[in-house]
file structure_4.tsv (TSV, C-alpha atoms)
chain	number	residue	atom	x	y	z
A	1	MET	CA	-7.64	24.96	19.46
A	2	ALA	CA	-10.54	25.58	21.85
A	3	THR	CA	-11.37	23.11	24.63
A	4	SER	CA	-14.43	22.43	26.73
A	5	THR	CA	-15.33	20.56	29.89
A	6	TRP	CA	-17.47	17.44	30.04
A	7	LEU	CA	-20.85	18.98	30.91
A	8	SER	CA	-24.02	17.11	30.00
A	9	PRO	CA	-22.93	16.36	26.44
A	10	CYS	CA	-25.27	15.05	23.78
A	11	LEU	CA	-23.77	11.76	22.60
A	12	LEU	CA	-23.54	11.40	18.82
A	13	ASN	CA	-21.25	8.38	18.47
A	14	GLU	CA	-18.17	6.98	20.14
A	15	ARG	CA	-15.91	9.66	18.61
A	16	SER	CA	-17.99	12.82	18.38
A	17	ILE	CA	-19.78	14.72	21.14
A	18	ILE	CA	-21.75	17.95	21.16
A	19	ASN	CA	-21.31	19.92	24.35
A	20	CYS	CA	-24.72	21.51	24.82
A	21	TYR	CA	-23.42	24.23	27.08
A	22	THR	CA	-20.71	25.54	24.78
A	23	GLY	CA	-22.03	24.65	21.35
A	24	LEU	CA	-18.66	23.18	20.43
A	25	VAL	CA	-18.03	19.96	18.53
A	26	CYS	CA	-15.79	17.76	20.69
A	27	ASN	CA	-13.93	14.81	19.18
A	28	TYR	CA	-12.84	12.07	21.54
A	29	SER	CA	-10.56	9.23	20.52
A	30	SER	CA	-12.23	7.30	23.32
A	31	LEU	CA	-15.11	8.17	25.64
A	32	PHE	CA	-12.88	7.11	28.50
A	33	GLU	CA	-10.06	9.50	27.64
A	34	LYS	CA	-9.96	12.82	29.44
A	35	GLN	CA	-8.41	14.73	26.56
A	36	ASN	CA	-10.74	16.13	23.95
A	37	PHE	CA	-10.51	18.30	20.91
A	38	CYS	CA	-13.27	20.83	20.29
A	39	THR	CA	-13.69	22.60	17.00
A	40	LYS	CA	-16.12	25.06	15.48
A	41	PRO	CA	-19.58	25.92	16.88
A	42	ILE	CA	-22.52	23.94	15.62
A	43	SER	CA	-24.38	25.12	12.57
A	44	ALA	CA	-28.01	25.92	13.38
A	45	SER	CA	-29.15	24.09	10.28
A	46	ALA	CA	-27.13	20.96	10.83
A	47	GLY	CA	-28.53	17.48	11.17
A	48	VAL	CA	-30.73	16.00	13.87
A	49	LYS	CA	-31.97	18.13	16.78
A	50	LEU	CA	-31.57	16.87	20.35
A	51	ILE	CA	-32.96	18.47	23.51
A	52	ARG	CA	-30.92	18.19	26.70
A	53	ASN	CA	-31.87	20.10	29.85
A	54	GLY	CA	-33.93	22.48	27.77
A	55	ILE	CA	-31.05	23.29	25.45
A	56	ARG	CA	-31.35	22.51	21.75
A	57	CYS	CA	-28.30	20.69	20.32
A	58	SER	CA	-27.72	20.34	16.58
A	59	THR	CA	-25.81	17.32	15.36
A	60	LEU	CA	-23.67	17.22	12.27
A	61	GLU	CA	-21.26	14.83	10.67
A	62	ILE	CA	-17.65	15.80	11.24
A	63	GLU	CA	-14.39	14.27	10.25
A	64	SER	CA	-12.60	13.10	13.38
A	65	THR	CA	-8.91	12.18	13.13
A	66	PRO	CA	-7.50	12.11	16.67
A	67	SER	CA	-6.18	8.60	16.02
A	68	PHE	CA	-3.72	10.14	13.53
A	69	SER	CA	-2.44	12.78	15.96
A	70	ILE	CA	1.30	13.12	16.47
A	71	GLY	CA	2.53	10.59	19.01
A	72	LYS	CA	-0.44	8.25	18.61
A	73	LYS	CA	0.28	4.57	18.07
A	74	PHE	CA	-0.10	3.31	14.50
A	75	GLN	CA	-3.31	1.35	13.99
A	76	LEU	CA	-1.51	-1.73	12.63
A	77	ASP	CA	0.98	-3.99	14.40
A	78	ASP	CA	2.20	-5.55	11.14
A	79	VAL	CA	1.85	-4.95	7.40
A	80	ILE	CA	0.80	-8.27	5.88
A	81	GLU	CA	-1.86	-7.64	3.25
A	82	ALA	CA	-3.55	-4.82	1.40
A	83	GLN	CA	-6.93	-5.51	3.02
A	84	GLN	CA	-5.61	-4.11	6.30
A	85	PHE	CA	-5.83	-0.55	5.01
A	86	ASP	CA	-8.92	1.59	4.76
A	87	ARG	CA	-9.24	4.80	2.83
A	88	GLU	CA	-8.74	7.02	5.88
A	89	ILE	CA	-5.48	5.30	6.85
A	90	LEU	CA	-4.26	5.43	3.26
A	91	SER	CA	-4.79	9.20	3.10
A	92	ALA	CA	-2.93	9.66	6.38
A	93	ILE	CA	-0.06	7.43	5.22
A	94	PHE	CA	0.28	9.43	2.01
A	95	GLU	CA	0.47	12.68	3.99
A	96	VAL	CA	3.34	11.26	6.03
A	97	ALA	CA	5.00	10.02	2.81
A	98	ARG	CA	5.05	13.59	1.51
A	99	GLU	CA	6.83	14.61	4.71
A	100	MET	CA	9.30	11.76	4.20
A	101	GLU	CA	10.00	13.12	0.73
A	102	LYS	CA	10.93	16.46	2.28
A	103	ILE	CA	13.17	14.72	4.83
A	104	GLU	CA	14.95	12.73	2.13
A	105	LYS	CA	15.60	15.86	0.09
A	106	ASN	CA	16.29	18.41	2.80
A	107	SER	CA	17.26	16.60	6.01
A	108	PRO	CA	19.73	13.83	5.20
A	109	GLY	CA	20.76	13.59	8.85
A	110	SER	CA	17.33	12.66	10.23
A	111	GLN	CA	17.45	10.75	13.53
A	112	ILE	CA	13.78	9.77	13.78
A	113	LEU	CA	14.70	6.06	14.04
A	114	LYS	CA	18.03	6.41	15.82
A	115	GLY	CA	18.58	3.42	18.09
A	116	TYR	CA	16.25	1.13	16.10
A	117	LEU	CA	17.44	-1.91	14.18
A	118	MET	CA	15.72	-3.45	11.15
A	119	ALA	CA	16.36	-7.01	10.00
A	120	THR	CA	15.67	-8.00	6.38
A	121	LEU	CA	15.01	-11.66	5.64
A	122	PHE	CA	14.75	-12.25	1.89
A	123	TYR	CA	14.19	-15.82	0.76
A	124	GLU	CA	13.70	-14.66	-2.83
A	125	PRO	CA	15.79	-12.28	-4.97
A	126	SER	CA	15.13	-8.56	-4.65
A	127	THR	CA	16.79	-5.34	-5.68
A	128	ARG	CA	14.36	-2.44	-5.31
A	129	THR	CA	12.37	-3.69	-2.33
A	130	ARG	CA	15.33	-4.74	-0.18
A	131	LEU	CA	17.50	-1.75	-1.01
A	132	SER	CA	14.66	0.75	-0.62
A	133	PHE	CA	13.82	-0.63	2.82
A	134	GLU	CA	17.46	-0.49	3.85
A	135	SER	CA	17.82	3.02	2.44
A	136	ALA	CA	14.60	4.07	4.21
A	137	MET	CA	15.87	2.82	7.56
A	138	LYS	CA	19.27	4.48	7.22
A	139	ARG	CA	17.83	7.79	5.99
A	140	LEU	CA	15.82	7.95	9.21
A	141	GLY	CA	18.86	7.24	11.38
A	142	GLY	CA	18.27	3.53	11.98
A	143	GLU	CA	20.53	0.53	11.42
A	144	VAL	CA	20.15	-2.60	9.30
A	145	LEU	CA	20.85	-6.32	9.62
A	146	THR	CA	20.46	-7.95	6.23
A	147	THR	CA	20.23	-11.47	4.83
A	148	GLU	CA	19.94	-11.81	1.07
A	149	ASN	CA	18.95	-15.16	-0.41
A	150	ALA	CA	18.07	-16.52	3.03
A	151	ARG	CA	16.64	-19.63	1.39
A	152	GLU	CA	20.17	-20.72	0.51
A	153	PHE	CA	22.47	-18.84	2.88
A	154	SER	CA	20.63	-19.03	6.19
A	155	SER	CA	19.75	-21.86	8.54
A	156	ALA	CA	16.70	-22.49	6.38
A	157	ALA	CA	19.10	-24.42	4.16
A	158	LYS	CA	19.67	-26.69	7.16
A	159	GLY	CA	15.98	-27.27	7.63
A	160	GLU	CA	15.18	-24.62	10.25
A	161	THR	CA	11.50	-23.70	10.31
A	162	LEU	CA	10.35	-20.18	9.51
A	163	GLU	CA	8.92	-19.87	13.00
A	164	ASP	CA	12.26	-20.68	14.64
A	165	THR	CA	14.07	-18.22	12.38
A	166	ILE	CA	11.63	-15.46	13.30
A	167	ARG	CA	11.92	-16.18	17.03
A	168	THR	CA	15.69	-15.93	16.72
A	169	VAL	CA	15.92	-12.83	14.56
A	170	GLU	CA	13.41	-10.86	16.62
A	171	GLY	CA	15.87	-11.12	19.47
A	172	TYR	CA	18.38	-9.08	17.44
A	173	SER	CA	16.10	-6.42	15.94
A	174	ASP	CA	13.11	-4.13	16.41
A	175	ILE	CA	11.32	-4.86	13.12
A	176	ILE	CA	11.57	-7.55	10.44
A	177	VAL	CA	11.04	-7.06	6.71
A	178	MET	CA	10.57	-10.43	5.03
A	179	ARG	CA	10.18	-11.78	1.51
A	180	HIS	CA	9.32	-15.45	1.16
A	181	PHE	CA	8.57	-17.88	-1.61
A	182	GLU	CA	5.42	-19.29	0.05
A	183	SER	CA	2.07	-17.53	0.04
A	184	GLY	CA	0.96	-16.96	3.62
A	185	ALA	CA	4.49	-17.01	5.07
A	186	ALA	CA	4.26	-13.40	6.23
A	187	ARG	CA	1.13	-14.13	8.22
A	188	ARG	CA	2.87	-17.09	9.89
A	189	ALA	CA	5.77	-14.82	10.79
A	190	ALA	CA	3.45	-12.17	12.24
A	191	VAL	CA	1.68	-14.74	14.41
A	192	THR	CA	5.04	-15.91	15.73
A	193	ALA	CA	6.80	-12.57	16.26
A	194	SER	CA	6.42	-10.09	19.10
A	195	ILE	CA	7.85	-7.27	16.95
A	196	PRO	CA	6.40	-5.78	13.74
A	197	ILE	CA	6.59	-7.83	10.53
A	198	ILE	CA	6.41	-6.22	7.08
A	199	ASN	CA	5.52	-8.45	4.16
A	200	ALA	CA	7.88	-7.63	1.30
A	201	GLY	CA	6.24	-10.27	-0.91
A	202	ASP	CA	5.12	-13.82	-0.17
A	203	GLY	CA	5.27	-15.99	-3.27
A	204	PRO	CA	2.23	-15.45	-5.50
A	205	GLY	CA	0.30	-14.05	-2.51
A	206	GLN	CA	0.62	-10.32	-1.83
A	207	HIS	CA	3.04	-7.41	-1.86
A	208	PRO	CA	1.28	-4.73	0.21
A	209	THR	CA	4.08	-2.16	0.34
A	210	GLN	CA	4.31	-2.24	-3.45
A	211	ALA	CA	0.57	-1.65	-3.67
A	212	LEU	CA	0.86	1.30	-1.30
A	213	LEU	CA	3.57	2.92	-3.38
A	214	ASP	CA	1.59	2.17	-6.54
A	215	VAL	CA	-1.53	3.94	-5.26
A	216	TYR	CA	0.63	6.79	-3.96
A	217	THR	CA	2.20	7.08	-7.41
A	218	ILE	CA	-1.18	7.11	-9.15
A	219	ASP	CA	-2.31	9.88	-6.82
A	220	ARG	CA	0.83	11.93	-7.48
A	221	GLU	CA	0.80	11.35	-11.25
A	222	ILE	CA	-2.92	11.52	-12.07
A	223	GLY	CA	-4.00	13.75	-9.21
A	224	LYS	CA	-6.91	11.61	-8.06
A	225	LEU	CA	-7.85	8.08	-7.04
A	226	ASP	CA	-11.61	8.19	-7.57
A	227	SER	CA	-13.10	7.87	-11.05
A	228	ILE	CA	-10.02	6.38	-12.69
A	229	ARG	CA	-9.52	3.59	-15.20
A	230	VAL	CA	-6.64	1.20	-14.67
A	231	ALA	CA	-5.35	-1.55	-16.97
A	232	LEU	CA	-3.54	-4.43	-15.25
A	233	VAL	CA	-1.45	-6.16	-17.90
A	234	GLY	CA	0.72	-9.28	-18.02
A	235	ASP	CA	1.05	-12.09	-15.48
A	236	LEU	CA	-2.08	-11.56	-13.42
A	237	ALA	CA	-2.26	-15.12	-12.08
A	238	ASN	CA	1.13	-15.09	-10.39
A	239	GLY	CA	1.70	-11.37	-9.92
A	240	ARG	CA	1.37	-10.51	-6.23
A	241	THR	CA	1.68	-6.79	-7.04
A	242	VAL	CA	-1.49	-6.69	-9.14
A	243	ARG	CA	-3.42	-8.68	-6.54
A	244	SER	CA	-2.52	-6.24	-3.77
A	245	LEU	CA	-3.13	-3.24	-6.03
A	246	ALA	CA	-6.62	-4.50	-6.92
A	247	TYR	CA	-7.48	-4.74	-3.22
A	248	LEU	CA	-6.42	-1.13	-2.62
A	249	LEU	CA	-8.11	0.28	-5.71
A	250	ALA	CA	-11.37	-1.18	-4.40
A	251	LYS	CA	-11.25	1.40	-1.60
A	252	TYR	CA	-12.00	4.20	-4.05
A	253	GLN	CA	-15.13	5.31	-5.87
A	254	ASP	CA	-16.05	4.77	-9.52
A	255	VAL	CA	-12.89	2.80	-10.37
A	256	THR	CA	-12.82	0.59	-13.46
A	257	ILE	CA	-10.18	-2.14	-13.81
A	258	TYR	CA	-9.31	-3.89	-17.07
A	259	PHE	CA	-7.50	-7.23	-16.99
A	260	VAL	CA	-5.31	-7.80	-20.06
A	261	SER	CA	-3.34	-11.04	-20.00
A	262	PRO	CA	-2.58	-14.27	-21.86
A	263	ASP	CA	-5.11	-17.02	-21.13
A	264	VAL	CA	-2.62	-19.05	-19.11
A	265	VAL	CA	-2.07	-16.25	-16.57
A	266	LYS	CA	-5.50	-14.66	-16.20
A	267	MET	CA	-6.50	-12.93	-12.97
A	268	LYS	CA	-7.81	-15.44	-10.43
A	269	ASP	CA	-11.44	-15.59	-9.47
A	270	ASP	CA	-10.90	-14.58	-5.83
A	271	ILE	CA	-9.84	-11.08	-6.90
A	272	LYS	CA	-12.68	-10.78	-9.40
A	273	ASP	CA	-15.19	-11.88	-6.76
A	274	TYR	CA	-13.76	-9.42	-4.26
A	275	LEU	CA	-14.01	-6.52	-6.70
A	276	THR	CA	-17.57	-7.47	-7.57
A	277	SER	CA	-18.49	-7.61	-3.87
A	278	LYS	CA	-17.14	-4.07	-3.45
A	279	GLY	CA	-19.00	-2.73	-6.46
A	280	VAL	CA	-15.86	-2.21	-8.54
A	281	LYS	CA	-16.36	-2.45	-12.30
A	282	TRP	CA	-13.95	-4.80	-14.05
A	283	GLU	CA	-13.66	-6.54	-17.37
A	284	GLU	CA	-11.27	-8.80	-19.21
A	285	SER	CA	-9.93	-7.84	-22.61
A	286	ALA	CA	-7.53	-9.24	-25.19
A	287	ASP	CA	-7.04	-5.86	-26.89
A	288	LEU	CA	-4.30	-3.85	-25.18
A	289	MET	CA	-4.51	-1.02	-27.70
A	290	GLU	CA	-8.20	-0.44	-27.11
A	291	VAL	CA	-7.84	-0.59	-23.33
A	292	ALA	CA	-4.78	1.67	-23.29
A	293	SER	CA	-6.63	4.33	-25.27
A	294	LYS	CA	-9.20	4.85	-22.49
A	295	CYS	CA	-7.18	4.26	-19.31
A	296	ASP	CA	-5.49	6.66	-16.92
A	297	VAL	CA	-2.96	4.02	-15.90
A	298	VAL	CA	-1.44	1.13	-17.85
A	299	TYR	CA	0.16	-1.10	-15.21
A	300	GLN	CA	2.42	-3.54	-17.02
A	301	THR	CA	4.00	-6.60	-15.37
A	302	ARG	CA	6.48	-9.21	-16.52
A	303	ILE	CA	5.61	-12.85	-17.14
A	304	GLN	CA	7.23	-14.55	-14.15
A	305	ARG	CA	9.23	-17.52	-15.34
A	306	GLU	CA	10.01	-18.60	-11.78
A	307	ARG	CA	6.32	-19.36	-11.17
A	308	PHE	CA	6.04	-21.85	-14.05
A	309	GLY	CA	8.31	-24.55	-12.65
A	310	GLU	CA	9.16	-27.01	-15.40
A	311	ARG	CA	6.34	-25.85	-17.69
A	312	ILE	CA	8.61	-23.67	-19.81
A	313	ASP	CA	6.25	-24.24	-22.74
A	314	LEU	CA	3.52	-22.31	-20.92
A	315	TYR	CA	5.95	-19.53	-20.08
A	316	GLU	CA	6.99	-19.18	-23.72
A	317	GLU	CA	3.33	-19.18	-24.74
A	318	ALA	CA	2.60	-16.25	-22.44
A	319	ARG	CA	5.76	-14.21	-22.86
A	320	GLY	CA	5.78	-11.36	-25.36
A	321	LYS	CA	2.07	-11.34	-26.08
A	322	TYR	CA	1.45	-7.88	-24.61
A	323	ILE	CA	4.20	-5.30	-25.00
A	324	VAL	CA	3.99	-1.59	-24.24
A	325	ASP	CA	5.84	0.24	-27.02
A	326	ARG	CA	5.60	3.47	-28.97
A	327	GLU	CA	2.46	2.28	-30.72
A	328	VAL	CA	0.70	1.84	-27.38
A	329	LEU	CA	1.92	5.26	-26.24
A	330	ASN	CA	0.48	6.80	-29.40
A	331	VAL	CA	-3.05	5.75	-28.45
A	332	MET	CA	-2.76	6.66	-24.77
A	333	GLN	CA	-4.18	9.89	-23.41
A	334	LYS	CA	-1.79	12.75	-22.72
A	335	HIS	CA	-2.33	12.63	-18.96
A	336	ALA	CA	-2.09	8.83	-18.70
A	337	VAL	CA	0.94	7.01	-17.31
A	338	VAL	CA	2.71	3.69	-17.75
A	339	MET	CA	3.65	1.93	-14.52
A	340	HIS	CA	5.59	-1.25	-13.79
A	341	PRO	CA	6.70	-2.80	-10.46
A	342	LEU	CA	10.04	-3.77	-12.08
A	343	PRO	CA	12.18	-5.56	-13.00
A	344	ARG	CA	11.17	-5.53	-16.65
A	345	LEU	CA	12.37	-7.80	-19.40
A	346	ASP	CA	10.99	-6.94	-22.82
A	347	GLU	CA	7.38	-6.11	-21.91
A	348	ILE	CA	8.13	-2.36	-22.08
A	349	THR	CA	10.48	-1.32	-24.85
A	350	VAL	CA	13.34	0.98	-23.86
A	351	ASP	CA	12.25	3.71	-26.25
A	352	VAL	CA	9.24	4.27	-23.96
A	353	ASP	CA	11.55	5.46	-21.17
A	354	ALA	CA	12.02	8.94	-22.63
A	355	ASP	CA	8.29	9.66	-22.73
A	356	PRO	CA	7.09	11.74	-19.73
A	357	ARG	CA	4.23	9.28	-19.31
A	358	ALA	CA	6.73	6.55	-18.38
A	359	ALA	CA	6.32	6.71	-14.60
A	360	TYR	CA	7.97	3.46	-13.49
A	361	PHE	CA	11.27	4.91	-12.28
A	362	ARG	CA	9.43	7.67	-10.41
A	363	GLN	CA	7.23	4.89	-9.06
A	364	ALA	CA	10.30	3.03	-7.76
A	365	LYS	CA	11.55	6.21	-6.07
A	366	ASN	CA	8.18	6.62	-4.36
A	367	GLY	CA	8.82	3.24	-2.78
A	368	LEU	CA	11.48	4.87	-0.63
A	369	TYR	CA	9.02	7.42	0.80
A	370	ILE	CA	6.32	4.86	1.48
A	371	ARG	CA	8.76	2.52	3.22
A	372	MET	CA	10.24	5.36	5.27
A	373	THR	CA	6.67	6.09	6.32
A	374	LEU	CA	5.84	2.52	7.31
A	375	LEU	CA	9.03	2.09	9.32
A	376	LYS	CA	8.38	5.35	11.14
A	377	LEU	CA	4.74	4.52	11.87
A	378	LEU	CA	5.35	0.96	13.04
A	379	LEU	CA	8.26	1.87	15.27
A	380	VAL	CA	7.37	5.29	16.74
A	381	GLY	CA	3.77	5.96	15.64
A	382	TRP	CA	2.20	9.03	14.07
call {"tool": "encode", "arguments": {"input": "structure_4.tsv", "output": "structure tokens"}}
result
Amino acid sequence: MATSTWLSPCLLNERSIINCYTGLVCNYSSLFEKQNFCTKPISASAGVKLIRNGIRCSTLEIESTPSFSIGKKFQLDDVIEAQQFDREILSAIFEVAREMEKIEKNSPGSQILKGYLMATLFYEPSTRTRLSFESAMKRLGGEVLTTENAREFSSAAKGETLEDTIRTVEGYSDIIVMRHFESGAARRAAVTASIPIINAGDGPGQHPTQALLDVYTIDREIGKLDSIRVALVGDLANGRTVRSLAYLLAKYQDVTIYFVSPDVVKMKDDIKDYLTSKGVKWEESADLMEVASKCDVVYQTRIQRERFGERIDLYEEARGKYIVDREVLNVMQKHAVVMHPLPRLDEITVDVDADPRAAYFRQAKNGLYIRMTLLKLLLVGW
């Protein structure tokens, strides 16, 4: 790639500079960095005209991505919530995820994370999330310290605070992946720790890595993320996956979200207000068949009994009201897909599994690539 010297440039913004002597577009990750990256000559018809020392400079908008260059530090110190990600970072993450897919299939002996140690602290049950993180770490050459059911089988059972646990475990590891039963616990851990924290689910709060793999799956299955229609079905009040997914979908253009749920577990107002503030169209519906017929994605979730406490009557009222079966498939478009964060109970019938539009096991596999990506980015950068 061509380079130029710093000679009387015309300043466009903090990341893009026109060198008036060479006519090259120079992208700087910082105005105080000496390295620069110059691309194609300026188009004579582009943008605003500036005069500098008698030389006419043409400005144009360019896409500058030096912050995603190989070896650069990842923009985030922790992964706590979906709102941390913008569209540009999401696109870059998905590119790395595609590389991780190639590594998983073709380079089983990868040593990208050799010498790094990941600790998993899971205060709630998990199969896919915990195992996919552990698999991701090992497939990149790293090692794992794991605690399953830390709520019962760690010092938390003795009354140790979360903060003390984090301060202890960070002394044994380079990164901590944590699932907790309290909303906001991941943020508390991140404030306490001096190493990266990944939120693997915090009660009814958020599950950002699930949302990342969900959006990645939609992109791979549907082929686009703008101008899509998505139905979120099931336990929308307690489902942290649908909350995080809604935040990420709001990054894209012309997205419509349909909320289909029993009255007792409707989507909370904070998500609706957020979507409205971002100009995202949404509506609530009681008719799954009608919604499924016009959506690109039907994202089913289970009714979470563990969130109802002793109100089993409310759980029984909600359970089984919306089920994805062959009848729902029959009204869905040919290109549409059914997704589910898993585990499922009876909200998707097993005869759906054989349909090519059943994407939930491919979705789970994509979790490996996304988590390989996040571990790589947080520990060694781009």
call {"tool": "atom_distance", "arguments": {"input": "structure_4.tsv", "atom1": "atom CA of Val352 of chain A", "atom2": "atom CA of Arg326 of chain A"}}
result
6.2 Å
call {"tool": "residues_around", "arguments": {"input": "structure_4.tsv", "residues": "Gln206 of chain A", "least_positions_apart": "5", "cutoff": "9 Å", "atoms": "all atoms listed in the file", "output": "list in words"}}
result
Ile80, Glu81, Ala82, Ser183, Gly184, Asn199, Ala200, Gly201, Ala211, Gly239, Arg240, Thr241, Val242, Arg243 and Ser244 of chain A
call {"tool": "residues_around", "arguments": {"input": "structure_4.tsv", "residues": "Val331 of chain A", "least_positions_apart": "5", "cutoff": "10 Å", "atoms": "only C-alpha atoms", "output": "list of chain:residue names"}}
result
A:Met289, A:Glu290, A:Val291, A:Ala292, A:Ser293, A:Lys294, A:Arg326
call {"tool": "atom_distance", "arguments": {"input": "structure_4.tsv", "atom1": "atom CA of Asp254 of chain A", "atom2": "atom CA of Arg229 of chain A"}}
result
8.7 Å
call {"tool": "residues_around", "arguments": {"input": "structure_4.tsv", "residues": "segment 245-252 of chain A", "least_positions_apart": "5", "cutoff": "8 Å", "atoms": "all atoms listed in the file", "output": "JSON, numbers by chain"}}
result
{"A": [82, 83, 85, 86, 87, 208, 210, 211, 212, 214, 215, 225, 226, 227, 271, 274, 275, 278, 280]}
call {"tool": "atom_distance", "arguments": {"input": "structure_4.tsv", "atom1": "atom CA of Val144 of chain A", "atom2": "atom CA of Ile166 of chain A"}}
result
15.9 Å
call {"tool": "residues_around", "arguments": {"input": "structure_4.tsv", "residues": "Met137 of chain A", "least_positions_apart": "4", "cutoff": "9 Å", "atoms": "only C-alpha atoms", "output": "PyMOL selection string"}}
result
chain A and resi 113+116-118+132-133+141-144+371-372+375-376
call {"tool": "residues_around", "arguments": {"input": "structure_4.tsv", "residues": "Arg357 of chain A", "least_positions_apart": "2", "cutoff": "10 Å", "atoms": "all atoms listed in the file", "output": "CSV table (one decimal) with C-alpha atoms, in the frame of the given file"}}
result
chain,number,residue,atom,x,y,z
A,221,GLU,CA,0.8,11.4,-11.2
A,297,VAL,CA,-3.0,4.0,-15.9
A,329,LEU,CA,1.9,5.3,-26.2
A,332,MET,CA,-2.8,6.7,-24.8
A,333,GLN,CA,-4.2,9.9,-23.4
A,334,LYS,CA,-1.8,12.8,-22.7
A,335,HIS,CA,-2.3,12.6,-19.0
A,336,ALA,CA,-2.1,8.8,-18.7
A,337,VAL,CA,0.9,7.0,-17.3
A,338,VAL,CA,2.7,3.7,-17.8
A,339,MET,CA,3.6,1.9,-14.5
A,352,VAL,CA,9.2,4.3,-24.0
A,353,ASP,CA,11.6,5.5,-21.2
A,354,ALA,CA,12.0,8.9,-22.6
A,355,ASP,CA,8.3,9.7,-22.7
A,359,ALA,CA,6.3,6.7,-14.6
A,360,TYR,CA,8.0,3.5,-13.5
call {"tool": "closest_residue", "arguments": {"input": "structure_4.tsv", "among": "A:Ser173, A:Glu101, A:Val328, A:Leu379", "to": "Lys73 of chain A", "atoms": "all atoms listed in the file"}}
result
A:Leu379
call {"tool": "closest_residue", "arguments": {"input": "structure_4.tsv", "among": "A:Asp78, A:Glu317, A:Asp273, A:Glu347", "to": "Gly234 of chain A", "atoms": "only C-alpha atoms"}}
result
A:Glu347
call {"tool": "closest_residue", "arguments": {"input": "structure_4.tsv", "among": "A:Val233, A:Ile303, A:Leu314, A:Leu288", "to": "Val264 of chain A", "atoms": "only C-alpha atoms"}}
result
A:Leu314
call {"tool": "closest_residue", "arguments": {"input": "structure_4.tsv", "among": "A:Leu378, A:Val79, A:Leu232, A:Ile89", "to": "Met178 of chain A", "atoms": "all atoms listed in the file"}}
result
A:Val79
call {"tool": "build_atoms", "arguments": {"input": "structure_4.tsv", "residues": "segment 108-120 of chain A", "atoms": "N, CA and C atoms", "output": "mmCIF file, in the coordinates of the input"}}
result
data_model
loop_
_atom_site.group_PDB
_atom_site.id
_atom_site.type_symbol
_atom_site.label_atom_id
_atom_site.label_comp_id
_atom_site.auth_asym_id
_atom_site.auth_seq_id
_atom_site.Cartn_x
_atom_site.Cartn_y
_atom_site.Cartn_z
ATOM 1 N N PRO A 108 19.065 15.137 5.329
ATOM 2 C CA PRO A 108 19.730 13.830 5.200
ATOM 3 C C PRO A 108 20.212 13.254 6.519
ATOM 4 N N GLY A 109 20.289 14.077 7.561
ATOM 5 C CA GLY A 109 20.760 13.590 8.850
ATOM 6 C C GLY A 109 19.649 13.272 9.830
ATOM 7 N N SER A 110 18.466 12.936 9.347
ATOM 8 C CA SER A 110 17.330 12.660 10.230
ATOM 9 C C SER A 110 17.665 11.554 11.228
ATOM 10 N N GLN A 111 17.201 11.731 12.460
ATOM 11 C CA GLN A 111 17.450 10.750 13.530
ATOM 12 C C GLN A 111 16.145 10.205 14.102
ATOM 13 N N ILE A 112 15.085 10.224 13.309
ATOM 14 C CA ILE A 112 13.780 9.770 13.780
ATOM 15 C C ILE A 112 13.847 8.333 14.310
ATOM 16 N N LEU A 113 14.608 7.477 13.651
ATOM 17 C CA LEU A 113 14.700 6.060 14.040
ATOM 18 C C LEU A 113 16.061 5.707 14.633
ATOM 19 N N LYS A 114 16.749 6.693 15.180
ATOM 20 C CA LYS A 114 18.030 6.410 15.820
ATOM 21 C C LYS A 114 17.830 5.436 16.972
ATOM 22 N N GLY A 115 18.675 4.425 17.039
ATOM 23 C CA GLY A 115 18.580 3.420 18.090
ATOM 24 C C GLY A 115 17.739 2.217 17.723
ATOM 25 N N TYR A 116 17.058 2.263 16.567
ATOM 26 C CA TYR A 116 16.250 1.130 16.100
ATOM 27 C C TYR A 116 17.019 0.307 15.074
ATOM 28 N N LEU A 117 16.738 -0.985 15.067
ATOM 29 C CA LEU A 117 17.440 -1.910 14.180
ATOM 30 C C LEU A 117 16.436 -2.711 13.372
ATOM 31 N N MET A 118 16.589 -2.704 12.049
ATOM 32 C CA MET A 118 15.720 -3.450 11.150
ATOM 33 C C MET A 118 16.454 -4.667 10.589
ATOM 34 N N ALA A 119 15.801 -5.814 10.622
ATOM 35 C CA ALA A 119 16.360 -7.010 10.000
ATOM 36 C C ALA A 119 15.591 -7.304 8.716
ATOM 37 N N THR A 120 16.317 -7.590 7.623
ATOM 38 C CA THR A 120 15.670 -8.000 6.380
ATOM 39 C C THR A 120 15.963 -9.463 6.120
#
